[in-house]
$ cat entry-v5.cif   # mmCIF, C-alpha atoms
data_start
loop_
_atom_site.label_atom_id
_atom_site.label_comp_id
_atom_site.auth_asym_id
_atom_site.auth_seq_id
_atom_site.Cartn_x
_atom_site.Cartn_y
_atom_site.Cartn_z
CA MET A 1158 0.00 0.00 0.00
CA SER A 1159 1.36 3.42 -0.92
CA VAL A 1160 2.07 6.03 1.74
CA ARG A 1161 -0.62 8.28 0.23
CA ARG A 1162 -3.24 5.48 0.26
CA ALA A 1163 -2.32 4.49 3.83
CA THR A 1164 -2.71 8.10 4.89
CA VAL A 1165 -6.15 8.32 3.31
CA VAL A 1166 -7.27 5.07 4.97
CA LEU A 1167 -6.01 6.25 8.36
CA ALA A 1168 -7.69 9.64 7.98
CA THR A 1169 -10.97 8.00 7.01
CA THR A 1170 -10.82 5.64 10.00
CA VAL A 1171 -10.10 8.48 12.41
CA ALA A 1172 -12.94 10.54 10.93
CA CYS A 1173 -15.37 7.65 11.43
CA VAL A 1174 -14.29 7.16 15.03
CA LEU A 1175 -14.59 10.87 15.79
CA ALA A 1176 -18.02 10.96 14.17
CA ALA A 1177 -19.17 8.07 16.35
CA VAL A 1178 -17.88 9.75 19.48
CA GLY A 1179 -19.38 13.07 18.54
CA THR A 1180 -22.86 11.60 18.09
CA GLY A 1181 -22.74 9.44 21.16
CA ALA A 1182 -22.77 6.32 18.99
CA VAL A 1183 -21.29 3.20 20.50
CA ALA A 1184 -19.15 1.04 18.26
CA HIS A 1185 -19.62 -2.68 18.94
CA ALA A 1186 -19.04 -5.74 16.83
CA ASP A 1187 -22.68 -6.71 17.41
CA GLU A 1188 -25.76 -5.56 19.26
CA SER A 1189 -24.89 -7.53 22.40
CA GLY A 1190 -22.31 -4.94 23.42
CA PRO A 1191 -19.12 -5.64 25.37
CA GLU A 1192 -18.63 -8.97 27.09
CA LEU A 1193 -19.81 -8.93 30.71
CA SER A 1194 -16.90 -9.10 33.15
CA VAL A 1195 -18.90 -10.28 36.18
CA PRO A 1196 -19.03 -14.08 36.67
CA SER A 1197 -22.31 -15.51 35.40
CA ALA A 1198 -23.08 -17.14 38.75
CA ASP A 1199 -22.89 -13.77 40.50
CA LEU A 1200 -25.19 -12.23 37.91
CA GLU A 1201 -27.72 -15.06 38.24
CA ASN A 1202 -27.72 -14.90 42.04
CA SER A 1203 -28.36 -11.15 42.03
CA LEU A 1204 -31.88 -11.45 40.59
CA THR A 1205 -34.90 -12.36 42.73
CA CYS A 1206 -38.32 -12.68 41.10
CA HIS A 1207 -41.86 -12.72 42.42
CA GLY A 1208 -44.76 -14.05 40.37
CA ASP A 1209 -45.02 -15.54 36.90
CA LEU A 1210 -43.25 -13.20 34.50
CA ALA A 1211 -44.92 -14.74 31.46
CA SER A 1212 -48.53 -14.42 32.59
CA GLY A 1213 -50.87 -11.57 33.45
CA ASP A 1214 -52.01 -8.50 31.59
CA ARG A 1215 -49.32 -6.25 33.04
CA ALA A 1216 -45.69 -6.34 31.96
CA PRO A 1217 -43.28 -7.57 34.63
CA VAL A 1218 -41.22 -4.91 36.37
CA LEU A 1219 -37.52 -4.83 37.23
CA LEU A 1220 -36.94 -2.88 40.46
CA VAL A 1221 -33.48 -1.31 40.85
CA PRO A 1222 -32.46 0.02 44.29
CA GLY A 1223 -30.76 3.25 45.22
CA THR A 1224 -27.22 3.85 46.44
CA THR A 1225 -26.53 2.34 49.92
CA LEU A 1226 -29.53 -0.01 49.67
CA ALA A 1227 -30.13 -3.70 49.14
CA PRO A 1228 -33.24 -4.28 47.02
CA ASP A 1229 -35.26 -6.05 49.70
CA VAL A 1230 -34.71 -3.23 52.18
CA ASN A 1231 -35.64 -0.72 49.49
CA PHE A 1232 -38.72 -2.49 48.12
CA ASP A 1233 -40.10 -5.42 50.13
CA TRP A 1234 -42.33 -3.23 52.30
CA ASN A 1235 -43.71 -0.83 49.68
CA TYR A 1236 -43.44 -1.49 45.94
CA GLY A 1237 -43.30 -5.26 46.41
CA PRO A 1238 -46.62 -5.54 48.29
CA ALA A 1239 -48.19 -2.89 46.05
CA PHE A 1240 -47.30 -4.86 42.92
CA ASP A 1241 -48.47 -8.10 44.56
CA ALA A 1242 -51.86 -6.46 45.13
CA ARG A 1243 -51.94 -5.44 41.44
CA ASP A 1244 -51.08 -9.00 40.33
CA GLN A 1245 -48.01 -7.56 38.65
CA ALA A 1246 -44.96 -9.81 38.55
CA TYR A 1247 -41.67 -8.20 39.44
CA CYS A 1248 -38.02 -8.90 40.10
CA TRP A 1249 -35.37 -6.92 41.89
CA VAL A 1250 -31.65 -6.89 41.27
CA GLU A 1251 -28.99 -6.66 43.96
CA LEU A 1252 -26.14 -4.35 42.99
CA PRO A 1253 -22.63 -4.93 44.40
CA GLY A 1254 -21.91 -3.40 47.80
CA ASN A 1255 -25.43 -2.01 48.11
CA ALA A 1256 -24.84 -0.02 44.91
CA MET A 1257 -21.73 1.68 46.29
CA GLY A 1258 -19.21 0.24 43.83
CA ASP A 1259 -18.36 1.11 40.24
CA ILE A 1260 -21.67 1.91 38.52
CA GLY A 1261 -20.28 0.54 35.27
CA VAL A 1262 -20.13 -2.87 36.97
CA ALA A 1263 -23.61 -2.35 38.41
CA GLY A 1264 -24.73 -1.80 34.83
CA GLU A 1265 -23.68 -5.36 34.00
CA TYR A 1266 -26.01 -6.68 36.72
CA VAL A 1267 -28.88 -4.61 35.31
CA THR A 1268 -28.05 -5.77 31.78
CA ASN A 1269 -28.22 -9.40 32.85
CA ALA A 1270 -31.45 -8.78 34.75
CA ILE A 1271 -33.11 -7.19 31.70
CA ARG A 1272 -32.00 -10.02 29.43
CA THR A 1273 -33.07 -12.73 31.88
CA MET A 1274 -36.47 -11.23 32.59
CA HIS A 1275 -37.16 -10.59 28.92
CA ALA A 1276 -36.29 -14.18 28.03
CA ASP A 1277 -38.38 -15.62 30.86
CA ALA A 1278 -41.34 -13.33 30.20
CA GLY A 1279 -41.31 -13.65 26.42
CA ARG A 1280 -42.29 -9.98 26.16
CA LYS A 1281 -40.97 -6.53 26.93
CA ILE A 1282 -40.48 -5.55 30.55
CA ASP A 1283 -40.69 -2.30 32.50
CA VAL A 1284 -37.89 -0.92 34.66
CA VAL A 1285 -38.48 1.15 37.81
CA GLY A 1286 -35.54 2.48 39.80
CA PHE A 1287 -34.90 4.80 42.70
CA SER A 1288 -32.04 7.34 42.76
CA GLN A 1289 -28.97 5.62 41.22
CA GLY A 1290 -31.37 2.79 40.39
CA GLY A 1291 -33.29 5.16 38.13
CA MET A 1292 -30.13 6.16 36.30
CA VAL A 1293 -28.03 2.99 35.93
CA PRO A 1294 -30.51 1.21 33.60
CA ARG A 1295 -29.65 3.91 31.07
CA TRP A 1296 -26.03 2.69 31.15
CA SER A 1297 -27.25 -0.75 30.13
CA LEU A 1298 -29.43 0.62 27.35
CA LYS A 1299 -26.58 2.75 26.01
CA PHE A 1300 -23.76 0.21 25.94
CA TRP A 1301 -25.61 -3.11 25.51
CA PRO A 1302 -27.92 -2.25 22.59
CA ASP A 1303 -29.82 -5.55 22.61
CA THR A 1304 -31.47 -4.49 25.89
CA ARG A 1305 -33.37 -1.71 24.08
CA ASP A 1306 -35.67 -4.21 22.38
CA ALA A 1307 -36.41 -5.80 25.77
CA VAL A 1308 -37.65 -2.68 27.58
CA ARG A 1309 -40.95 -0.84 27.21
CA ASP A 1310 -40.77 1.77 30.02
CA VAL A 1311 -37.98 3.21 32.15
CA VAL A 1312 -39.30 4.99 35.24
CA GLY A 1313 -36.91 6.88 37.51
CA ILE A 1314 -37.83 8.07 41.01
CA ASP A 1315 -35.53 10.98 41.88
CA PRO A 1316 -32.89 9.53 39.53
CA SER A 1317 -29.37 10.94 39.49
CA ASN A 1318 -29.40 11.40 35.71
CA HIS A 1319 -27.19 14.50 35.85
CA GLY A 1320 -25.58 13.84 39.20
CA THR A 1321 -25.57 15.88 42.37
CA LEU A 1322 -23.55 18.75 43.74
CA ASP A 1323 -23.82 17.13 47.17
CA ALA A 1324 -21.21 14.57 46.13
CA TYR A 1325 -18.44 17.18 46.01
CA PRO A 1326 -18.15 17.85 49.76
CA VAL A 1327 -18.82 14.19 50.50
CA CYS A 1328 -15.91 13.12 48.28
CA ALA A 1329 -13.44 15.76 49.41
CA PRO A 1330 -11.74 13.32 51.83
CA GLY A 1331 -12.44 10.32 49.56
CA CYS A 1332 -15.69 8.43 49.06
CA ALA A 1333 -17.27 5.33 47.54
CA PRO A 1334 -16.83 4.86 43.79
CA ALA A 1335 -20.54 5.39 43.12
CA PHE A 1336 -20.42 8.79 44.82
CA TRP A 1337 -17.51 9.91 42.64
CA GLN A 1338 -19.44 8.80 39.57
CA GLN A 1339 -22.60 10.63 40.67
CA GLN A 1340 -20.85 13.97 41.04
CA SER A 1341 -22.28 16.50 38.60
CA GLY A 1342 -19.85 16.62 35.67
CA SER A 1343 -18.17 13.28 36.40
CA ARG A 1344 -16.54 11.35 33.56
CA PHE A 1345 -19.12 8.62 34.12
CA LEU A 1346 -22.09 10.96 33.66
CA ASP A 1347 -20.45 12.68 30.70
CA ALA A 1348 -20.17 9.28 29.00
CA LEU A 1349 -23.72 8.32 29.95
CA ASN A 1350 -25.34 11.50 28.67
CA ASP A 1351 -23.22 12.10 25.59
CA GLY A 1352 -25.02 11.98 22.26
CA GLY A 1353 -28.60 11.59 23.48
CA GLU A 1354 -30.04 10.46 26.81
CA THR A 1355 -32.90 8.29 25.51
CA PHE A 1356 -33.58 5.76 22.78
CA ALA A 1357 -36.41 5.42 20.28
CA GLY A 1358 -39.06 2.86 21.14
CA ILE A 1359 -38.73 3.33 24.91
CA ASP A 1360 -40.95 5.52 27.11
CA TYR A 1361 -39.09 7.41 29.84
CA THR A 1362 -40.78 8.82 32.94
CA VAL A 1363 -38.98 10.81 35.63
CA VAL A 1364 -40.76 11.77 38.84
CA TYR A 1365 -38.83 13.97 41.22
CA THR A 1366 -39.32 16.20 44.24
CA PRO A 1367 -38.08 19.79 44.09
CA THR A 1368 -37.27 19.47 47.82
CA ASP A 1369 -34.77 16.67 47.18
CA GLU A 1370 -31.79 17.10 49.49
CA VAL A 1371 -29.65 14.34 47.91
CA VAL A 1372 -29.98 14.83 44.14
CA VAL A 1373 -29.14 18.53 44.04
CA PRO A 1374 -30.31 20.74 42.44
CA ASN A 1375 -33.70 19.33 41.53
CA LEU A 1376 -35.24 22.74 40.94
CA PRO A 1377 -36.13 24.57 37.72
CA PRO A 1378 -34.88 25.52 35.23
CA ALA A 1379 -32.77 22.36 34.96
CA PRO A 1380 -33.58 19.72 37.60
CA SER A 1381 -30.80 17.17 37.81
CA SER A 1382 -33.18 14.23 37.56
CA GLU A 1383 -34.70 15.34 34.25
CA LEU A 1384 -34.07 13.70 30.89
CA ARG A 1385 -33.93 16.12 27.99
CA THR A 1386 -32.43 14.64 24.83
CA GLY A 1387 -32.53 11.63 22.54
CA ASP A 1388 -35.20 9.83 20.54
CA GLY A 1389 -37.21 8.29 23.37
CA THR A 1390 -40.58 9.62 24.54
CA ILE A 1391 -39.93 11.60 27.73
CA SER A 1392 -42.09 12.85 30.59
CA ASN A 1393 -40.50 14.77 33.48
CA ILE A 1394 -42.94 15.27 36.35
CA SER A 1395 -42.36 17.22 39.54
CA THR A 1396 -44.46 16.08 42.49
CA GLN A 1397 -45.49 19.72 42.86
CA GLN A 1398 -47.08 19.70 39.40
CA ILE A 1399 -49.65 17.38 40.94
CA CYS A 1400 -49.71 18.64 44.53
CA PRO A 1401 -48.39 22.24 44.63
CA VAL A 1402 -47.51 22.21 48.34
CA HIS A 1403 -46.18 18.65 48.39
CA VAL A 1404 -42.93 18.30 50.32
CA ALA A 1405 -40.94 15.06 50.17
CA GLU A 1406 -37.32 14.25 50.83
CA HIS A 1407 -35.19 11.79 48.90
CA LEU A 1408 -35.58 8.61 50.95
CA THR A 1409 -39.33 9.08 51.29
CA MET A 1410 -39.64 9.32 47.51
CA GLY A 1411 -38.04 5.89 47.16
CA SER A 1412 -40.17 4.19 49.77
CA THR A 1413 -43.53 5.62 50.88
CA ASP A 1414 -44.40 8.70 48.83
CA PRO A 1415 -47.94 8.39 47.37
CA VAL A 1416 -47.45 11.00 44.65
CA GLY A 1417 -44.30 9.35 43.33
CA TYR A 1418 -46.06 5.99 43.32
CA ALA A 1419 -49.06 7.43 41.45
CA VAL A 1420 -46.74 8.65 38.68
CA VAL A 1421 -44.99 5.27 38.50
CA VAL A 1422 -48.28 3.40 38.15
CA ASP A 1423 -49.59 5.85 35.57
CA ALA A 1424 -46.53 5.16 33.44
CA LEU A 1425 -46.89 1.38 33.80
CA ASP A 1426 -50.62 1.35 33.03
CA HIS A 1427 -50.64 3.47 29.87
CA ASP A 1428 -48.99 3.53 26.49
CA GLY A 1429 -46.35 6.22 26.50
CA PRO A 1430 -44.82 7.81 29.59
CA ALA A 1431 -46.77 9.11 32.61
CA ASP A 1432 -49.03 12.13 32.25
CA ALA A 1433 -49.58 14.30 35.32
CA ARG A 1434 -53.01 15.32 34.03
CA ARG A 1435 -54.31 11.76 34.43
CA ILE A 1436 -53.46 11.51 38.14
CA ALA A 1437 -56.30 12.11 40.58
CA ARG A 1438 -55.54 15.02 42.89
CA SER A 1439 -56.98 13.01 45.77
CA VAL A 1440 -53.50 11.45 46.01
CA CYS A 1441 -52.36 14.73 47.61
CA ALA A 1442 -54.27 13.77 50.77
CA ALA A 1443 -52.89 10.23 50.99
CA PRO A 1444 -50.39 9.74 53.85
CA LEU A 1445 -48.67 6.69 52.30
CA MET A 1446 -48.44 4.83 49.01
CA PRO A 1447 -50.36 1.55 48.64
CA GLY A 1448 -48.55 -1.51 49.95
CA VAL A 1449 -47.12 0.20 53.04
CA ASP A 1450 -48.41 -1.27 56.31
CA PRO A 1451 -48.86 1.63 58.79
CA VAL A 1452 -48.39 -0.72 61.75
CA ALA A 1453 -45.06 -2.04 60.45
CA LEU A 1454 -43.98 1.37 59.16
CA PRO A 1455 -41.73 2.38 62.10
CA ALA A 1456 -39.80 -0.89 61.97
CA ASN A 1457 -39.43 -0.80 58.20
CA GLU A 1458 -38.32 2.83 58.19
CA ALA A 1459 -35.75 2.04 60.88
CA ARG A 1460 -34.43 -0.87 58.79
CA TYR A 1461 -34.34 1.34 55.69
CA VAL A 1462 -32.60 4.33 57.25
CA GLY A 1463 -30.36 2.02 59.30
CA GLN A 1464 -29.01 0.32 56.20
CA VAL A 1465 -28.28 3.68 54.59
CA ALA A 1466 -26.33 4.78 57.67
CA THR A 1467 -24.44 1.49 58.06
CA THR A 1468 -23.46 1.34 54.40
CA LEU A 1469 -22.26 4.93 54.45
CA ALA A 1470 -20.18 4.29 57.55
CA THR A 1471 -18.56 1.02 56.48
CA TYR A 1472 -18.07 1.02 52.72
CA PRO A 1473 -14.38 1.60 51.76
CA HIS A 1474 -13.43 4.96 50.28
CA VAL A 1475 -11.34 5.61 47.20
CA LEU A 1476 -9.48 8.82 46.40
CA ALA A 1477 -10.59 9.33 42.79
CA GLU A 1478 -13.32 8.47 40.33
CA PRO A 1479 -12.87 5.00 38.79
CA GLN A 1480 -11.51 4.91 35.27
CA LEU A 1481 -14.11 4.35 32.58
CA ARG A 1482 -14.11 0.97 30.93
CA GLY A 1483 -12.64 0.96 27.43
CA TYR A 1484 -16.03 0.57 25.76
CA ALA A 1485 -17.24 3.85 27.29
CA ARG A 1486 -14.27 6.04 26.41
#
$ encode --input "entry-v5.cif" --output "structure tokens"
Amino acid sequence: MSVRRATVVLATTVACVLAAVGTGAVAHADESGPELSVPSADLENSLTCHGDLASGDRAPVLLVPGTTLAPDVNFDWNYGPAFDARDQAYCWVELPGNAMGDIGVAGEYVTNAIRTMHADAGRKIDVVGFSQGGMVPRWSLKFWPDTRDAVRDVVGIDPSNHGTLDAYPVCAPGCAPAFWQQQSGSRFLDALNDGGETFAGIDYTVVYTPTDEVVVPNLPPAPSSELRTGDGTISNISTQQICPVHVAEHLTMGSTDPVGYAVVVDALDHDGPADARRIARSVCAAPLMPGVDPVALPANEARYVGQVATTLATYPHVLAEPQLRGYAR
């Protein structure tokens, strides 16, 4: 090959790579994306399912927990019983270290969960996640393209889609990998949001509270939880669009908040994302979401908050954000 021809070939290759990076495209040999690095046994053991995924009128739901939380502590006293009462099958996925580790690795667990549920159900599934759990499914959809045909709805409850400013003081002396990656402007979030935040054929619903003290800022004009770009159908709903004086903090949104739950169910029960106009304003007077036992509430809240505190206190710190995997650079 002549020097001139080699130069042209190299220039063309570089141009194609730069074009892919510039549009957020992900170059893979096939639609399955990069090989999963987590042992298959660990992936299989991370998924717990309730009900028959292949039967029923409602699509099965994958529940993804928030940072510091195991899925049972997050969901077995609220969304789990509520879905049982609706005869809606569901699974939850346990993320490594209570979702405190590298979120790129957590994305492999979510990827496996989506694939497994889709295969077992024989139909598309819905995904509902709280906080990091509302954001990390988007990592799966971005870098493992086959998952896009398996998912109908992605619903995030106070998701950290654009990170949080709170992570900066927390990480000043060092912090868990997931906190570094959820800093506003992190390399992880830059890679996640580059080139379009949503994909065609999937309905995206975000419900968030403007009084969120963890995902900060979640106030207009640009709430951190919101999704804004891409080809998916998007609905961003503030709890105060429905109940103007509604006040909820972050952990309540992921566990007992009736307005957040009403938005989630509206998304699951309709074609397209949730629509605030469909939600009965009587929800503003409800003290708790369905599925929450008022008698057991104090014990469950203590277990919930206690796990957050214990995980925060005991998970090892690192001094810098983890390096992105090669497929995401």
$ closest_residue --input "entry-v5.cif" --among "A:Asp1283, A:Gly1417, A:Ile1436, A:Leu1220" --to "Asp1233 of chain A" --atoms "only C-alpha atoms"
A:Leu1220
$ resolve_selection --input "entry-v5.cif" --expression "the PyMOL selection byres ((chain A and resi 1484) around 8)" --output "compact mmCIF listing (two decimals) with C-alpha atoms, in the frame of the given file"
# COMPACT_ATOMS: atom_id res chain seq x y z
CA VAL A 1183 -21.29 3.20 20.50
CA PRO A 1191 -19.12 -5.64 25.37
CA PHE A 1300 -23.76 0.21 25.94
CA ARG A 1482 -14.11 0.97 30.93
CA GLY A 1483 -12.64 0.96 27.43
CA ALA A 1485 -17.24 3.85 27.29
CA ARG A 1486 -14.27 6.04 26.41
$ closest_residue --input "entry-v5.cif" --among "A:Thr1273, A:Thr1268, A:Thr1225, A:His1427" --to "Asn1255 of chain A" --atoms "only C-alpha atoms"
A:Thr1225
$ atom_distance --input "entry-v5.cif" --atom1 "atom CA of Val1267 of chain A" --atom2 "atom CA of Arg1460 of chain A"
24.4 Å
$ residues_around --input "entry-v5.cif" --residues "segment 1209-1212 of chain A" --least-positions-apart "5" --cutoff "8 Å" --atoms "only C-alpha atoms" --output "NGL selection string"
:A and (1217 or 1246-1247 or 1274 or 1277-1280)
$ closest_residue --input "entry-v5.cif" --among "A:Pro1330, A:Trp1234, A:Pro1302, A:Glu1265" --to "Asp1450 of chain A" --atoms "all atoms listed in the file"
A:Trp1234
$ resolve_selection --input "entry-v5.cif" --expression "the PyMOL selection byres ((chain A and resi 1205) around 6)" --output "list in words"
Leu1204, Cys1206, Cys1248 and Trp1249 of chain A
$ atom_distance --input "entry-v5.cif" --atom1 "atom CA of Gln1480 of chain A" --atom2 "atom CA of Gly1258 of chain A"
12.4 Å
$ resolve_selection --input "entry-v5.cif" --expression "the PyMOL selection byres ((chain A and resi 1264) around 12)" --output "NGL selection string"
:A and (1191 or 1193-1195 or 1200 or 1221 or 1250-1253 or 1256 or 1258-1263 or 1265-1271 or 1289-1301 or 1304 or 1335 or 1345 or 1349 or 1482)
$ closest_residue --input "entry-v5.cif" --among "A:Asn1235, A:Gln1338, A:Ala1348, A:His1319" --to "Pro1451 of chain A" --atoms "all atoms listed in the file"
A:Asn1235
$ residues_around --input "entry-v5.cif" --residues "Ile1314 of chain A" --least-positions-apart "5" --cutoff "9 Å" --atoms "all atoms listed in the file" --output "ChimeraX atom specification"
/A:1285-1288,1290-1291,1362-1366,1382,1410-1411,1417-1418,1421
$ closest_residue --input "entry-v5.cif" --among "A:Gly1208, A:Pro1316, A:Gly1353, A:Gly1213" --to "Asn1393 of chain A" --atoms "all atoms listed in the file"
A:Pro1316
$ closest_residue --input "entry-v5.cif" --among "A:Gln1340, A:Ser1317, A:Gln1397, A:Asn1350" --to "Val1372 of chain A" --atoms "all atoms listed in the file"
A:Ser1317
$ atom_distance --input "entry-v5.cif" --atom1 "atom CA of Leu1425 of chain A" --atom2 "atom CA of Gln1464 of chain A"
28.7 Å
$ residues_around --input "entry-v5.cif" --residues "Tyr1236 of chain A" --least-positions-apart "6" --cutoff "9 Å" --atoms "only C-alpha atoms" --output "MDAnalysis selection string"
chainID A and resid 1220 1412:1413 1418 1446:1449
$ write_last_selection --input "entry-v5.cif" --atoms "C-alpha atoms" --output "PDB file, keeping the file's coordinate frame"
ATOM      1  CA  LEU A1220     -36.940  -2.880  40.460  1.00  0.00           C
ATOM      2  CA  SER A1412     -40.170   4.190  49.770  1.00  0.00           C
ATOM      3  CA  THR A1413     -43.530   5.620  50.880  1.00  0.00           C
ATOM      4  CA  TYR A1418     -46.060   5.990  43.320  1.00  0.00           C
ATOM      5  CA  MET A1446     -48.440   4.830  49.010  1.00  0.00           C
ATOM      6  CA  PRO A1447     -50.360   1.550  48.640  1.00  0.00           C
ATOM      7  CA  GLY A1448     -48.550  -1.510  49.950  1.00  0.00           C
ATOM      8  CA  VAL A1449     -47.120   0.200  53.040  1.00  0.00           C
TER       9      VAL A1449
END
$ residues_near_point --input "entry-v5.cif" --point "(-50.0, 11.2, 29.6)" --cutoff "9 Å" --atoms "only C-alpha atoms" --output "list in words"
Ser1392, Asp1423, Ala1424, His1427, Asp1428, Gly1429, Pro1430, Ala1431, Asp1432, Ala1433, Arg1434 and Arg1435 of chain A
$ build_atoms --input "entry-v5.cif" --residues "segment 1213-1233 of chain A" --atoms "N, CA and C atoms" --output "PDB file, keeping the file's coordinate frame"
ATOM      1  N   GLY A1213     -50.307 -12.822  32.961  1.00  0.00           N
ATOM      2  CA  GLY A1213     -50.870 -11.570  33.450  1.00  0.00           C
ATOM      3  C   GLY A1213     -50.930 -10.524  32.363  1.00  0.00           C
ATOM      4  N   ASP A1214     -51.815  -9.570  32.571  1.00  0.00           N
ATOM      5  CA  ASP A1214     -52.010  -8.500  31.590  1.00  0.00           C
ATOM      6  C   ASP A1214     -50.945  -7.428  31.682  1.00  0.00           C
ATOM      7  N   ARG A1215     -50.315  -7.312  32.835  1.00  0.00           N
ATOM      8  CA  ARG A1215     -49.320  -6.250  33.040  1.00  0.00           C
ATOM      9  C   ARG A1215     -47.910  -6.775  32.804  1.00  0.00           C
ATOM     10  N   ALA A1216     -47.089  -5.951  32.196  1.00  0.00           N
ATOM     11  CA  ALA A1216     -45.690  -6.340  31.960  1.00  0.00           C
ATOM     12  C   ALA A1216     -44.962  -6.485  33.294  1.00  0.00           C
ATOM     13  N   PRO A1217     -44.066  -7.452  33.400  1.00  0.00           N
ATOM     14  CA  PRO A1217     -43.280  -7.570  34.630  1.00  0.00           C
ATOM     15  C   PRO A1217     -42.333  -6.387  34.791  1.00  0.00           C
ATOM     16  N   VAL A1218     -42.006  -6.097  36.042  1.00  0.00           N
ATOM     17  CA  VAL A1218     -41.220  -4.910  36.370  1.00  0.00           C
ATOM     18  C   VAL A1218     -39.901  -5.324  37.019  1.00  0.00           C
ATOM     19  N   LEU A1219     -38.815  -4.715  36.568  1.00  0.00           N
ATOM     20  CA  LEU A1219     -37.520  -4.830  37.230  1.00  0.00           C
ATOM     21  C   LEU A1219     -37.358  -3.647  38.166  1.00  0.00           C
ATOM     22  N   LEU A1220     -37.169  -3.920  39.457  1.00  0.00           N
ATOM     23  CA  LEU A1220     -36.940  -2.880  40.460  1.00  0.00           C
ATOM     24  C   LEU A1220     -35.448  -2.778  40.738  1.00  0.00           C
ATOM     25  N   VAL A1221     -34.918  -1.553  40.666  1.00  0.00           N
ATOM     26  CA  VAL A1221     -33.480  -1.310  40.850  1.00  0.00           C
ATOM     27  C   VAL A1221     -33.294  -0.366  42.037  1.00  0.00           C
ATOM     28  N   PRO A1222     -32.553  -0.777  43.063  1.00  0.00           N
ATOM     29  CA  PRO A1222     -32.460   0.020  44.290  1.00  0.00           C
ATOM     30  C   PRO A1222     -31.520   1.203  44.167  1.00  0.00           C
ATOM     31  N   GLY A1223     -31.612   2.079  45.158  1.00  0.00           N
ATOM     32  CA  GLY A1223     -30.760   3.250  45.220  1.00  0.00           C
ATOM     33  C   GLY A1223     -29.432   2.981  45.899  1.00  0.00           C
ATOM     34  N   THR A1224     -28.531   3.935  45.806  1.00  0.00           N
ATOM     35  CA  THR A1224     -27.220   3.850  46.440  1.00  0.00           C
ATOM     36  C   THR A1224     -27.384   3.626  47.939  1.00  0.00           C
ATOM     37  N   THR A1225     -26.575   2.739  48.496  1.00  0.00           N
ATOM     38  CA  THR A1225     -26.530   2.340  49.920  1.00  0.00           C
ATOM     39  C   THR A1225     -27.556   1.276  50.275  1.00  0.00           C
ATOM     40  N   LEU A1226     -28.397   0.850  49.329  1.00  0.00           N
ATOM     41  CA  LEU A1226     -29.530  -0.010  49.670  1.00  0.00           C
ATOM     42  C   LEU A1226     -29.486  -1.358  48.962  1.00  0.00           C
ATOM     43  N   ALA A1227     -29.822  -2.407  49.734  1.00  0.00           N
ATOM     44  CA  ALA A1227     -30.130  -3.700  49.140  1.00  0.00           C
ATOM     45  C   ALA A1227     -31.568  -3.641  48.626  1.00  0.00           C
ATOM     46  N   PRO A1228     -31.909  -4.420  47.606  1.00  0.00           N
ATOM     47  CA  PRO A1228     -33.240  -4.280  47.020  1.00  0.00           C
ATOM     48  C   PRO A1228     -34.378  -4.676  47.939  1.00  0.00           C
ATOM     49  N   ASP A1229     -34.166  -5.686  48.808  1.00  0.00           N
ATOM     50  CA  ASP A1229     -35.260  -6.050  49.700  1.00  0.00           C
ATOM     51  C   ASP A1229     -35.550  -4.933  50.693  1.00  0.00           C
ATOM     52  N   VAL A1230     -34.520  -4.322  51.223  1.00  0.00           N
ATOM     53  CA  VAL A1230     -34.710  -3.230  52.180  1.00  0.00           C
ATOM     54  C   VAL A1230     -35.354  -2.023  51.503  1.00  0.00           C
ATOM     55  N   ASN A1231     -35.048  -1.828  50.236  1.00  0.00           N
ATOM     56  CA  ASN A1231     -35.640  -0.720  49.490  1.00  0.00           C
ATOM     57  C   ASN A1231     -37.112  -0.989  49.146  1.00  0.00           C
ATOM     58  N   PHE A1232     -37.441  -2.254  48.778  1.00  0.00           N
ATOM     59  CA  PHE A1232     -38.720  -2.490  48.120  1.00  0.00           C
ATOM     60  C   PHE A1232     -39.654  -3.515  48.758  1.00  0.00           C
ATOM     61  N   ASP A1233     -39.215  -4.332  49.699  1.00  0.00           N
ATOM     62  CA  ASP A1233     -40.100  -5.420  50.130  1.00  0.00           C
ATOM     63  C   ASP A1233     -41.224  -4.981  51.055  1.00  0.00           C
TER      64      ASP A1233
END
